[in-house]
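Text of the file query24.txt, holding compact mmCIF, C-alpha atoms:
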```txt
# COMPACT_ATOMS: atom_id res chain seq x y z
CA MET A 1 34.09 -38.29 -29.31
CA ILE A 2 30.67 -36.92 -28.32
CA LYS A 3 31.75 -36.83 -24.66
CA ILE A 4 34.96 -34.95 -25.53
CA LYS A 5 32.97 -32.44 -27.61
CA ASN A 6 30.54 -31.88 -24.73
CA ILE A 7 33.39 -31.45 -22.24
CA ILE A 8 35.03 -28.82 -24.49
CA LEU A 9 31.78 -26.91 -25.09
CA PHE A 10 30.67 -27.05 -21.47
CA SER A 11 34.13 -25.97 -20.25
CA TYR A 12 33.93 -22.96 -22.59
CA LEU A 13 30.59 -21.98 -21.07
CA ILE A 14 31.75 -22.31 -17.46
CA LEU A 15 35.07 -20.52 -18.00
CA SER A 16 33.40 -17.68 -19.93
CA GLY A 17 30.78 -17.24 -17.22
CA PHE A 18 33.43 -17.15 -14.51
CA ILE A 19 35.43 -14.47 -16.37
CA TYR A 20 32.40 -12.33 -17.27
CA SER A 21 30.95 -12.57 -13.74
CA PHE A 22 34.07 -11.99 -11.63
CA PHE A 23 36.42 -9.91 -13.76
CA ILE A 24 33.97 -7.39 -15.19
CA PHE A 25 33.51 -5.03 -12.26
CA PRO A 26 30.09 -4.56 -10.60
CA PHE A 27 27.60 -2.33 -12.44
CA GLN A 28 29.69 -2.39 -15.64
CA LYS A 29 27.16 -4.06 -17.93
CA PRO A 30 24.44 -2.20 -19.86
CA ASP A 31 22.21 -0.25 -17.42
CA GLU A 32 23.40 -2.46 -14.55
CA PHE A 33 23.12 0.36 -12.01
CA ASP A 34 19.35 0.64 -12.61
CA HIS A 35 18.93 -3.10 -13.13
CA PHE A 36 20.44 -3.60 -9.67
CA LYS A 37 17.82 -1.27 -8.22
CA ARG A 38 15.00 -3.14 -9.94
CA MET A 39 16.42 -6.47 -8.78
CA VAL A 40 16.48 -5.18 -5.20
CA SER A 41 12.80 -4.20 -5.45
CA VAL A 42 11.85 -7.63 -6.82
CA ALA A 43 13.97 -9.39 -4.17
CA ASN A 44 11.97 -7.46 -1.55
CA TYR A 45 8.68 -8.54 -3.17
CA ASP A 46 7.95 -5.03 -4.43
CA ILE A 47 7.34 -6.30 -7.96
CA PHE A 48 5.23 -3.29 -9.01
CA CYS A 49 7.71 -0.74 -7.64
CA ARG A 50 5.34 0.84 -5.12
CA LYS A 51 8.22 1.92 -2.85
CA LYS A 52 10.78 4.63 -3.56
CA ASN A 53 13.21 3.46 -0.88
CA ILE A 54 14.14 -0.04 0.29
CA LEU A 55 16.39 -1.08 3.19
CA ILE A 56 19.55 -2.83 2.00
CA ARG A 57 23.06 -3.39 3.36
CA LYS A 58 25.11 -0.24 3.76
CA ASP A 59 28.20 -1.78 2.12
CA LEU A 60 26.18 -2.45 -1.06
CA VAL A 61 25.09 1.20 -1.12
CA ASN A 62 28.71 2.28 -0.60
CA LEU A 63 29.85 0.10 -3.51
CA PHE A 64 27.00 1.37 -5.68
CA ASN A 65 28.01 4.99 -4.98
CA ASP A 66 31.77 4.36 -5.19
CA LYS A 67 33.34 7.17 -7.25
CA ASP A 68 35.81 4.90 -9.01
CA ILE A 69 33.07 2.43 -10.01
CA ASN A 70 30.87 5.25 -11.30
CA LYS A 71 33.68 6.72 -13.41
CA LEU A 72 34.31 3.45 -15.30
CA PRO A 73 31.55 3.54 -17.98
CA TYR A 74 32.76 5.20 -21.22
CA ASN A 75 36.05 6.17 -19.54
CA TYR A 76 38.64 3.80 -20.98
CA ASN A 77 41.50 5.36 -19.00
CA GLN A 78 39.78 4.76 -15.66
CA LYS A 79 41.07 1.62 -13.90
CA ILE A 80 40.42 0.09 -10.49
CA ASN A 81 42.73 -1.90 -8.26
CA PHE A 82 41.18 -5.38 -8.05
CA GLU A 83 42.48 -5.74 -4.49
CA LYS A 84 40.32 -2.79 -3.45
CA LEU A 85 37.17 -4.71 -4.43
CA LEU A 86 38.28 -7.95 -2.81
CA LEU A 87 38.96 -6.10 0.46
CA TYR A 88 35.93 -3.80 0.31
CA PRO A 89 34.69 -3.22 3.89
CA VAL A 90 31.74 -5.30 5.09
CA ASP A 91 28.90 -3.37 6.73
CA GLN A 92 25.65 -5.32 7.19
CA ILE A 93 23.72 -2.46 8.80
CA LYS A 94 20.69 -1.70 6.62
CA ILE A 95 19.98 1.77 5.30
CA ASN A 96 17.51 3.28 2.84
CA PHE A 97 18.36 2.86 -0.85
CA ASN A 98 16.52 4.88 -3.48
CA ILE A 99 15.33 2.54 -6.27
CA LYS A 100 13.19 5.03 -8.23
CA SER A 101 15.28 5.09 -11.43
CA GLY A 102 15.23 1.28 -11.59
CA CYS A 103 11.44 1.32 -11.78
CA ARG A 104 11.63 2.39 -15.43
CA PHE A 105 12.05 -1.34 -16.10
CA LYS A 106 8.44 -2.37 -15.62
CA ASN A 107 8.82 -6.05 -16.50
CA TRP A 108 9.79 -7.68 -13.21
CA PHE A 109 9.71 -11.36 -14.19
CA GLY A 110 13.14 -11.26 -15.83
CA TYR A 111 14.78 -10.60 -12.45
CA ILE A 112 13.58 -13.75 -10.67
CA PHE A 113 16.92 -15.59 -10.89
CA ASN A 114 19.07 -12.61 -9.88
CA SER A 115 16.67 -11.82 -7.03
CA PHE A 116 16.66 -15.41 -5.76
CA PHE A 117 20.44 -15.60 -5.39
CA TYR A 118 20.66 -12.03 -4.07
CA ARG A 119 18.31 -12.96 -1.20
CA ILE A 120 20.39 -16.04 -0.39
CA LEU A 121 23.72 -14.18 -0.41
CA THR A 122 22.90 -10.90 1.37
CA PRO A 123 22.50 -12.41 4.89
CA LEU A 124 26.02 -13.90 4.62
CA SER A 125 29.10 -12.06 5.88
CA LEU A 126 30.46 -11.50 2.38
CA ASN A 127 31.79 -8.22 1.14
CA PRO A 128 29.59 -6.33 -1.39
CA TYR A 129 31.81 -7.17 -4.38
CA LEU A 130 31.40 -10.91 -3.74
CA ILE A 131 27.64 -10.54 -3.27
CA ILE A 132 27.32 -8.88 -6.70
CA VAL A 133 29.61 -11.23 -8.64
CA LEU A 134 28.30 -14.39 -6.96
CA THR A 135 24.73 -13.29 -7.71
CA ARG A 136 25.81 -12.97 -11.33
CA PHE A 137 27.71 -16.27 -11.42
CA PHE A 138 25.11 -18.46 -9.71
CA THR A 139 22.41 -17.01 -11.96
CA TYR A 140 24.60 -17.74 -14.97
CA LEU A 141 25.38 -21.30 -13.85
CA LEU A 142 21.74 -22.22 -13.28
CA ILE A 143 20.60 -20.81 -16.63
CA VAL A 144 23.48 -22.11 -18.76
CA VAL A 145 23.33 -25.65 -17.36
CA ILE A 146 19.58 -25.88 -18.04
CA LEU A 147 19.91 -24.37 -21.53
CA TYR A 148 22.89 -26.49 -22.58
CA PHE A 149 21.30 -29.79 -21.61
CA SER A 150 17.97 -28.72 -23.10
CA ILE A 151 19.67 -27.91 -26.41
CA ASN A 152 21.38 -31.32 -26.38
CA ASN A 153 17.93 -32.94 -26.32
CA ILE A 154 17.06 -31.47 -29.74
CA LYS A 155 17.22 -34.39 -32.19
CA ASN A 156 17.58 -32.32 -35.36
CA LEU A 157 21.30 -31.48 -35.61
CA ILE A 158 20.74 -28.27 -37.57
CA PHE A 159 18.22 -26.91 -35.08
CA LYS A 160 20.59 -27.95 -32.27
CA TYR A 161 23.67 -26.22 -33.69
CA SER A 162 21.75 -23.06 -34.56
CA MET A 163 20.79 -22.80 -30.88
CA ILE A 164 24.34 -23.58 -29.73
CA PHE A 165 25.69 -20.88 -32.06
CA ALA A 166 23.36 -18.29 -30.50
CA LEU A 167 24.05 -19.41 -26.92
CA PHE A 168 27.84 -19.38 -27.36
CA LEU A 169 28.02 -15.81 -28.68
CA PRO A 170 30.15 -13.73 -26.27
CA MET A 171 27.33 -11.16 -26.00
CA THR A 172 24.81 -13.83 -24.97
CA LEU A 173 27.09 -15.06 -22.19
CA HIS A 174 27.95 -11.46 -21.21
CA GLN A 175 24.26 -10.74 -20.64
CA LEU A 176 23.50 -14.06 -18.92
CA SER A 177 26.21 -13.17 -16.39
CA ALA A 178 24.74 -9.72 -15.70
CA ILE A 179 22.33 -8.33 -13.15
CA SER A 180 19.61 -7.60 -15.67
CA TYR A 181 16.19 -8.70 -16.87
CA ASP A 182 18.09 -10.10 -19.85
CA THR A 183 18.89 -13.17 -17.73
CA GLY A 184 15.24 -14.18 -17.47
CA HIS A 185 14.41 -12.92 -20.95
CA LEU A 186 17.13 -15.00 -22.65
CA PHE A 187 16.43 -18.03 -20.45
CA PHE A 188 12.73 -18.20 -21.34
CA GLY A 189 13.38 -17.13 -24.93
CA PHE A 190 15.90 -19.90 -25.55
CA LEU A 191 13.67 -22.51 -23.89
CA PHE A 192 10.74 -21.35 -26.02
CA LEU A 193 12.76 -21.76 -29.23
CA ILE A 194 14.31 -25.06 -28.09
CA ASN A 195 10.91 -26.59 -27.37
CA LEU A 196 9.35 -25.20 -30.54
CA PHE A 197 12.16 -26.56 -32.73
CA SER A 198 11.83 -29.93 -30.98
CA LEU A 199 8.11 -30.06 -31.85
CA ILE A 200 8.24 -29.01 -35.52
CA ASN A 201 8.78 -32.59 -36.72
CA LYS A 202 6.94 -34.34 -33.88
CA LYS A 203 3.97 -36.37 -35.13
CA TYR A 204 1.61 -35.74 -32.20
CA LEU A 205 1.65 -33.12 -29.47
CA GLU A 206 1.04 -33.91 -25.81
CA TYR A 207 -0.51 -31.66 -23.19
CA LEU A 208 2.90 -31.29 -21.53
CA ASP A 209 4.30 -29.94 -24.82
CA ILE A 210 1.57 -27.30 -24.96
CA PHE A 211 1.95 -26.38 -21.30
CA LYS A 212 5.74 -25.91 -21.60
CA LEU A 213 5.41 -23.82 -24.75
CA ILE A 214 2.85 -21.50 -23.17
CA PHE A 215 4.84 -21.23 -19.94
CA TYR A 216 8.07 -20.32 -21.73
CA TYR A 217 6.24 -17.92 -24.03
CA LEU A 218 4.67 -16.11 -21.06
CA GLY A 219 8.06 -16.00 -19.32
CA LEU A 220 9.57 -14.51 -22.48
CA ILE A 221 7.03 -11.73 -23.06
CA PHE A 222 6.66 -10.78 -19.38
CA SER A 223 10.40 -10.59 -18.72
CA LYS A 224 11.21 -7.97 -21.38
CA PRO A 225 9.01 -5.92 -23.73
CA LEU A 226 8.93 -5.87 -27.56
CA TYR A 227 9.18 -9.62 -28.22
CA GLU A 228 5.45 -10.30 -28.52
CA PHE A 229 5.70 -11.02 -32.26
CA LEU A 230 7.60 -14.22 -31.51
CA SER A 231 4.09 -15.61 -30.96
CA PHE A 232 3.92 -15.94 -34.76
CA LEU A 233 6.16 -18.99 -34.37
CA PHE A 234 3.20 -20.95 -32.98
CA LEU A 235 1.97 -21.04 -36.58
CA THR A 236 4.67 -23.63 -37.35
CA LEU A 237 2.63 -26.18 -35.38
CA LYS A 238 0.49 -28.23 -37.77
CA ARG A 239 -3.18 -29.11 -37.45
CA ASN A 240 -2.64 -32.89 -37.42
CA GLN A 241 -0.24 -32.55 -34.46
CA PHE A 242 -3.27 -31.66 -32.29
CA SER A 243 -5.30 -34.73 -33.33
CA LYS A 244 -4.71 -36.58 -30.03
CA LEU A 245 -5.62 -33.56 -27.90
CA LYS A 246 -9.03 -32.30 -26.89
CA ILE A 247 -8.16 -28.83 -28.12
CA SER A 248 -7.88 -27.94 -31.79
CA ARG A 249 -5.08 -25.95 -33.39
CA ASN A 250 -7.47 -23.05 -34.03
CA THR A 251 -8.57 -22.93 -30.39
CA PHE A 252 -4.95 -22.95 -29.27
CA LEU A 253 -3.99 -20.18 -31.69
CA LEU A 254 -6.98 -18.07 -30.58
CA PHE A 255 -5.76 -18.40 -27.00
CA ILE A 256 -2.26 -17.25 -28.03
CA LEU A 257 -3.82 -14.41 -30.06
CA SER A 258 -5.71 -13.18 -26.97
CA ILE A 259 -2.42 -13.04 -25.00
CA PHE A 260 -0.73 -11.30 -27.91
CA ILE A 261 -3.45 -8.62 -28.14
CA PHE A 262 -3.40 -8.11 -24.37
CA LYS A 263 0.36 -7.48 -24.49
CA LEU A 264 0.20 -5.48 -27.73
CA ILE A 265 -2.06 -2.85 -26.14
CA ASN A 266 0.76 -1.87 -23.78
CA ILE A 267 3.68 -2.71 -26.05
CA PHE A 268 5.10 0.84 -25.99
CA ASP A 269 4.59 1.31 -22.26
CA ILE A 270 8.33 0.84 -21.73
CA GLY A 271 9.82 4.18 -20.83
CA ILE A 272 9.72 7.96 -20.99
CA PRO A 273 9.73 9.50 -24.48
CA LEU A 274 11.99 12.44 -25.31
CA GLY A 275 9.70 15.42 -24.81
CA LYS A 276 5.97 15.75 -24.13
CA ASN A 277 4.71 15.30 -27.67
CA SER A 278 7.39 13.06 -29.12
CA TYR A 279 4.95 10.17 -29.67
CA ASN A 280 2.85 12.26 -32.04
CA GLU A 281 5.81 14.08 -33.54
CA GLN A 282 7.57 10.85 -34.43
CA PHE A 283 4.52 9.12 -35.89
CA PHE A 284 3.40 12.14 -37.93
CA PHE A 285 6.93 12.63 -39.20
CA LEU A 286 7.18 9.01 -40.36
CA LEU A 287 3.78 9.17 -42.06
CA SER A 288 4.27 12.62 -43.59
CA ASN A 289 5.89 11.17 -46.69
CA PRO A 290 5.73 7.57 -47.99
CA PHE A 291 9.50 7.62 -48.55
CA ILE A 292 10.41 8.90 -45.06
CA ILE A 293 10.24 5.46 -43.44
CA LEU A 294 12.44 3.97 -46.17
CA ILE A 295 14.97 6.81 -45.87
CA VAL A 296 15.09 6.54 -42.05
CA PHE A 297 15.68 2.78 -42.11
CA LEU A 298 18.21 2.98 -44.94
CA LYS A 299 20.26 5.73 -43.27
CA THR A 300 20.07 3.93 -39.94
CA PHE A 301 21.38 0.66 -41.33
CA LEU A 302 24.11 2.26 -43.43
CA SER A 303 25.38 4.31 -40.50
CA SER A 304 25.15 1.60 -37.83
CA ILE A 305 25.29 -1.88 -39.42
CA ASP A 306 28.84 -2.48 -38.13
CA PHE A 307 27.78 -1.56 -34.58
CA TYR A 308 24.73 -3.85 -34.79
CA LEU A 309 26.84 -6.82 -35.87
CA LYS A 310 29.59 -6.17 -33.30
CA SER A 311 27.15 -5.60 -30.44
CA LEU A 312 25.35 -8.81 -31.40
CA ILE A 313 28.58 -10.80 -31.26
CA GLY A 314 29.98 -8.84 -28.33
CA ILE A 315 30.74 -5.29 -27.21
CA PHE A 316 31.32 -5.42 -23.47
CA GLY A 317 30.91 -3.05 -20.55
CA TRP A 318 28.36 -0.35 -21.21
CA LEU A 319 28.88 -1.15 -24.89
CA ASP A 320 32.00 0.97 -24.53
CA PHE A 321 34.76 -1.47 -25.47
CA GLU A 322 34.99 -3.78 -28.43
CA LEU A 323 36.53 -7.24 -28.43
CA ASN A 324 39.63 -8.17 -30.39
CA PHE A 325 38.82 -8.09 -34.11
CA LEU A 326 39.81 -11.79 -34.34
CA VAL A 327 36.79 -12.69 -32.19
CA TYR A 328 34.43 -11.17 -34.75
CA GLY A 329 36.35 -12.85 -37.58
CA LEU A 330 36.24 -16.27 -35.90
CA ILE A 331 32.49 -15.99 -35.29
CA PHE A 332 31.92 -15.22 -38.99
CA LEU A 333 34.23 -18.13 -39.86
CA LEU A 334 32.10 -20.49 -37.73
CA PHE A 335 29.00 -19.07 -39.42
CA GLY A 336 30.50 -19.89 -42.84
CA VAL A 337 31.47 -23.40 -41.72
CA PHE A 338 27.92 -23.96 -40.45
CA LEU A 339 26.44 -22.89 -43.80
CA GLU A 340 28.80 -24.96 -45.91
CA LYS A 341 28.45 -28.09 -43.78
CA TYR A 342 24.67 -28.23 -43.43
CA TYR A 343 23.08 -26.51 -46.41
CA LYS A 344 22.70 -29.79 -48.33
CA LYS A 345 21.15 -31.58 -45.35
CA PHE A 346 18.61 -28.92 -44.45
CA SER A 347 15.06 -28.62 -45.69
CA LEU A 348 12.51 -26.05 -44.61
CA SER A 349 9.05 -25.86 -46.12
CA ALA A 350 8.05 -22.65 -47.89
CA TYR A 351 5.30 -22.17 -45.28
CA ASN A 352 7.70 -22.41 -42.32
CA PHE A 353 10.21 -20.18 -44.12
CA ILE A 354 7.53 -17.48 -44.49
CA VAL A 355 6.50 -17.82 -40.84
CA LEU A 356 10.11 -17.48 -39.64
CA PHE A 357 10.77 -14.55 -41.96
CA ILE A 358 7.63 -12.64 -40.96
CA THR A 359 8.35 -13.27 -37.27
CA ALA A 360 11.88 -11.88 -37.54
CA LEU A 361 10.78 -8.97 -39.75
CA PHE A 362 7.88 -7.77 -37.57
CA ASN A 363 9.86 -8.08 -34.34
CA THR A 364 12.79 -6.20 -35.87
CA LEU A 365 10.50 -3.41 -37.06
CA ILE A 366 8.80 -3.07 -33.68
CA ILE A 367 12.18 -2.81 -31.89
CA PHE A 368 13.39 -0.10 -34.27
CA LEU A 369 10.08 1.75 -34.00
CA ALA A 370 10.18 1.67 -30.20
CA GLU A 371 13.74 3.01 -30.16
CA TYR A 372 12.74 5.72 -32.62
CA ILE A 373 9.98 6.85 -30.25
CA PHE A 374 11.90 6.62 -26.97
CA TRP A 375 15.56 7.23 -27.77
CA THR A 376 15.64 9.32 -30.93
CA THR A 377 15.41 13.07 -31.22
CA PRO A 378 12.11 13.95 -32.96
CA LYS A 379 12.33 14.18 -36.76
CA SER A 380 15.76 12.59 -36.89
CA PHE A 381 16.60 10.56 -39.99
CA VAL A 382 18.68 8.05 -38.02
CA ILE A 383 17.26 5.79 -35.29
CA HIS A 384 19.29 5.78 -32.07
CA GLY A 385 19.37 3.32 -29.19
CA VAL A 386 19.18 0.05 -31.15
CA GLN A 387 21.76 -2.54 -30.06
CA GLY A 388 22.72 -5.85 -31.59
CA ARG A 389 22.08 -7.71 -28.32
CA TYR A 390 18.36 -7.06 -28.78
CA PHE A 391 18.43 -9.62 -31.61
CA ILE A 392 20.17 -12.53 -29.87
CA LEU A 393 16.95 -14.59 -29.89
CA PHE A 394 16.65 -14.08 -33.65
CA VAL A 395 20.07 -15.60 -34.36
CA PRO A 396 18.75 -19.20 -34.66
CA ILE A 397 15.92 -17.96 -36.91
CA PHE A 398 18.39 -15.99 -39.05
CA LEU A 399 20.66 -19.04 -39.34
CA LEU A 400 17.79 -21.25 -40.53
CA LEU A 401 16.59 -18.66 -43.05
CA THR A 402 20.12 -18.10 -44.36
CA LEU A 403 20.74 -21.84 -44.60
CA ARG A 404 17.61 -22.27 -46.71
CA LEU A 405 18.54 -19.38 -49.03
CA TYR A 406 22.17 -20.49 -49.25
CA GLY A 407 21.14 -24.00 -50.25
CA LYS A 408 18.86 -22.71 -52.99
CA TYR A 409 20.78 -19.66 -54.25
CA LYS A 410 24.40 -20.38 -53.35
CA TYR A 411 26.04 -18.33 -56.11
CA VAL A 412 23.56 -15.46 -55.74
CA PHE A 413 24.60 -15.47 -52.09
CA TYR A 414 28.28 -15.09 -53.07
CA PHE A 415 27.40 -12.33 -55.50
CA PHE A 416 25.41 -10.49 -52.81
CA ILE A 417 28.37 -10.64 -50.39
CA LEU A 418 30.74 -9.22 -53.02
CA ILE A 419 28.29 -6.40 -53.78
CA LEU A 420 28.09 -5.60 -50.05
CA ILE A 421 31.89 -5.46 -49.83
CA ILE A 422 32.03 -2.99 -52.72
CA LEU A 423 29.13 -0.94 -51.30
CA PHE A 424 30.56 -0.58 -47.80
CA ASN A 425 34.02 0.22 -49.14
CA LEU A 426 32.48 2.92 -51.34
CA ILE A 427 30.62 4.38 -48.36
CA ALA A 428 33.87 4.40 -46.34
CA ILE A 429 35.68 6.25 -49.12
CA TYR A 430 32.76 8.69 -49.47
CA ARG A 431 32.77 9.44 -45.74
CA ARG A 432 36.54 9.87 -45.63
CA TYR A 433 37.07 12.12 -48.63
CA TYR A 434 33.76 13.80 -49.43
CA LEU A 435 31.43 14.12 -46.41
CA PHE A 436 31.81 13.97 -42.65
CA THR A 437 28.47 12.19 -42.28
CA PHE A 438 26.28 10.09 -44.54
```

Take the structure in this file and express it as structure tokens.
Amino acid sequence: MIKIKNIILFSYLILSGFIYSFFIFPFQKPDEFDHFKRMVSVANYDIFCRKKNILIRKDLVNLFNDKDINKLPYNYNQKINFEKLLLYPVDQIKINFNIKSGCRFKNWFGYIFNSFFYRILTPLSLNPYLIIVLTRFFTYLLIVVILYFSINNIKNLIFKYSMIFALFLPMTLHQLSAISYDTGHLFFGFLFLINLFSLINKKYLEYLDIFKLIFYYLGLIFSKPLYEFLSFLFLTLKRNQFSKLKISRNTFLLFILSIFIFKLINIFDIGIPLGKNSYNEQFFFLLSNPFIILIVFLKTFLSSIDFYLKSLIGIFGWLDFELNFLVYGLIFLLFGVFLEKYYKKFSLSAYNFIVLFITALFNTLIIFLAEYIFWTTPKSFVIHGVQGRYFILFVPIFLLLTLRLYGKYKYVFYFFILILIILFNLIAIYRRYYLFTF
């Protein structure tokens, strides 16, 4: 039975990766044009983006600049003949390719898997379409195989299935099959959580446990910005677990704190703000009134909560086409089944609950704040640029927190859901008949 279950789950992963890699056209995932440029720079060992131009195959440049490919994002009526891509002319002569816009992604470590397979494939006499999709697919295969078998090593069933739930989300697999720093970010993030969950109930830690945790944590924070607050999860490790090591828990936590502070200094060094003084404008605006922050967050959530949930589960392309509504319904159904099946079997100490909650809260706030600074018009009351996919790594944490609350306050949970249904229906009616915006 276990073997059949594993065959079904693994087949789902492989088939999904094949579809998302080969049938979603090149450069049709979020920011994939610029991610491709950054991958090219990393593949050519220019990890700090010192060069503005790099020599690459001419056919790749032709595909990158193809008018039909460039018209696809946000243009639902634009289609491409698949045969055109399969028969795209091969031209291995190298020409200069401007990578400047890709250098806005300063964290290079997330591209190591894409870059590795790109370097292997580009010398081959493959057409540019195959180079792109095979780079995606081989990256996906390597990451998914490692993650799936790592998750299967988690002994606690609830921790295991919370990780499987997050990994199997269509949006997770969509991003793992992209040319993007999300591939490295999600790989190291999942491994960090997998290893941490495996150690929560372990009696004594070994040096290998510590080394792996630090390595995955460094991979996580240096592959994509704004996830530094996941370091709070180290607090779930208990003092007595360090008793067989020559380092104490406090020494270990001080070491993690030093890394955290080092990264925190440059946490907002992630892009170009809108306008010269938008940093100051945004901060002063938020602090000008104690209720401003509350109003901004409330209006943001009320106006965009459906987009956040859908783009967490899956909105494909450049977040320009939604999946069938049944997909979202089935994911919520699985979520309900998970809660109902395991809430009686799950226990989480109050201390660990607080650590998980604070971790998720602070990281969520920092993501929204960063998007407010970089992607939102100054003094706006709604934060723009936030996407559900930014919270994929928090899905297992959210599941554990919800499971704990559901087990303790089951009927309050039902009541809360009913209130939300009434609230969102009221907002929909208000928007339709009374105001154009809310």

(request) List the residues sitting within 12 Å of (6.0, -10.9, -19.9) in the file's frame, using all atoms listed in the file, as a ChimeraX atom specification. (result) /A:105-111,181,184-185,188-189,214-228,259-260,262-264,266-267

Sorted per-residue table, region 212-324 of chain A near region 342-356 of chain A, closest atoms and distance, 9 Å, only C-alpha atoms, as a tab-separated table:
```
residue	atom	partner	partner_atom	distance
A:Phe232	CA	A:Val355	CA	6.9
A:Leu233	CA	A:Val355	CA	6.6
A:Leu235	CA	A:Val355	CA	7.0
A:Thr236	CA	A:Asn352	CA	5.9
```

Would you compute the box with edges along x, y and z of the file around region 163-182 of chain A, including every atom the file lists for it and 3 Å extra on each side, and give its centre and edge lengths in Å to one decimal, as lines of an AutoDock Vina configuration file?
```
center_x = 23.2
center_y = -15.6
center_z = -22.6
size_x = 20.0
size_y = 22.0
size_z = 24.9
```

Give me, as a PDB file with C-alpha atoms, in the coordinates of the input, all polymer residues having an atom no more than 7 Å from Lys29 (chain A), counting all atoms listed in the file and skipping those fewer than 4 positions away in the same chain.
```pdb
ATOM      1  CA  ALA A 178      24.740  -9.720 -15.700  1.00  0.00           C
ATOM      2  CA  GLY A 317      30.910  -3.050 -20.550  1.00  0.00           C
ATOM      3  CA  TRP A 318      28.360  -0.350 -21.210  1.00  0.00           C
TER       4      TRP A 318
END
```

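Each of A:Leu142, A:Ile164, A:Leu287, A:Leu205 was compared to Ile247 (chain A) using all atoms listed in the file, and A:Leu205 turns out to be the nearest.
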
(message) as a VMD selection string, please: the residues near Lys160 (chain A) (cut-off 10 Å, only C-alpha atoms, same-chain neighbours under 2 positions excluded).
(response) chain A and resid 150 to 158 162 to 165 194 197 to 198 396

(message) Between A:Tyr161, A:Asp182, A:Leu191, A:Ile422, which residue has the minimum interatomic distance to Leu399 (chain A), considering all atoms listed in the file?
(response) A:Tyr161

(request) Would you mind listing what lies within 12 Å of Leu312 (chain A) as a list in words, with all atoms listed in the file counted and same-chain residues fewer than 6 positions away left out? (result) Ala166, Leu167, Phe168, Leu169, Pro170, Met171, Thr172, Leu173, His174, Gln175, Ile305, Asp306, Leu319, Glu322, Leu323, Tyr328, Ile331, Phe332, Val386, Gln387, Gly388, Arg389, Tyr390, Phe391, Ile392, Leu393, Phe394 and Val395 of chain A

(request) Rounded to one decimal place, report the CA of Ile383 (chain A)-CA of Lys299 (chain A) distance in Å. (result) 8.5 Å

(request) Do a neighbour search on Val61 (chain A) at 9 Å with only C-alpha atoms, toss out local chain neighbours closer than 6 positions, and write the hits as number ranges by chain. (result) A: 95-97, 128

(message) Using only C-alpha atoms for the distances, tell me which of A:Thr139, A:Asn75, A:Asn363, A:Ser243 is nearest to Ser231 (chain A).
(response)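 Of the candidates, the smallest distance to Ser231 (chain A) is held by A:Asn363.
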
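Taking CA of Gln92 (chain A) as the reference point, CA of Arg57 (chain A) is found at 5.0 Å.
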
(request) Could you check how far CA of Leu257 (chain A) sits from CA of Arg38 (chain A), in Å to one decimal? (result) 29.8 Å

(message) So that I can see what lies close to Leu196 (chain A), please list as a PyMOL selection string the residues with an atom at most 10 Å from it, counting all atoms listed in the file and leaving out residues fewer than 6 positions away in the same chain.
(response) chain A and resi 154+190+209-210+212-213+233-234+236-237

(message) Calculated over only C-alpha atoms, which of the candidates A:Asn53, A:Gln78, A:Asn425, A:Ser380 has the smallest distance to Ile293 (chain A)?
(response)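 With only C-alpha atoms as the atom set, the closest residue is A:Ser380.
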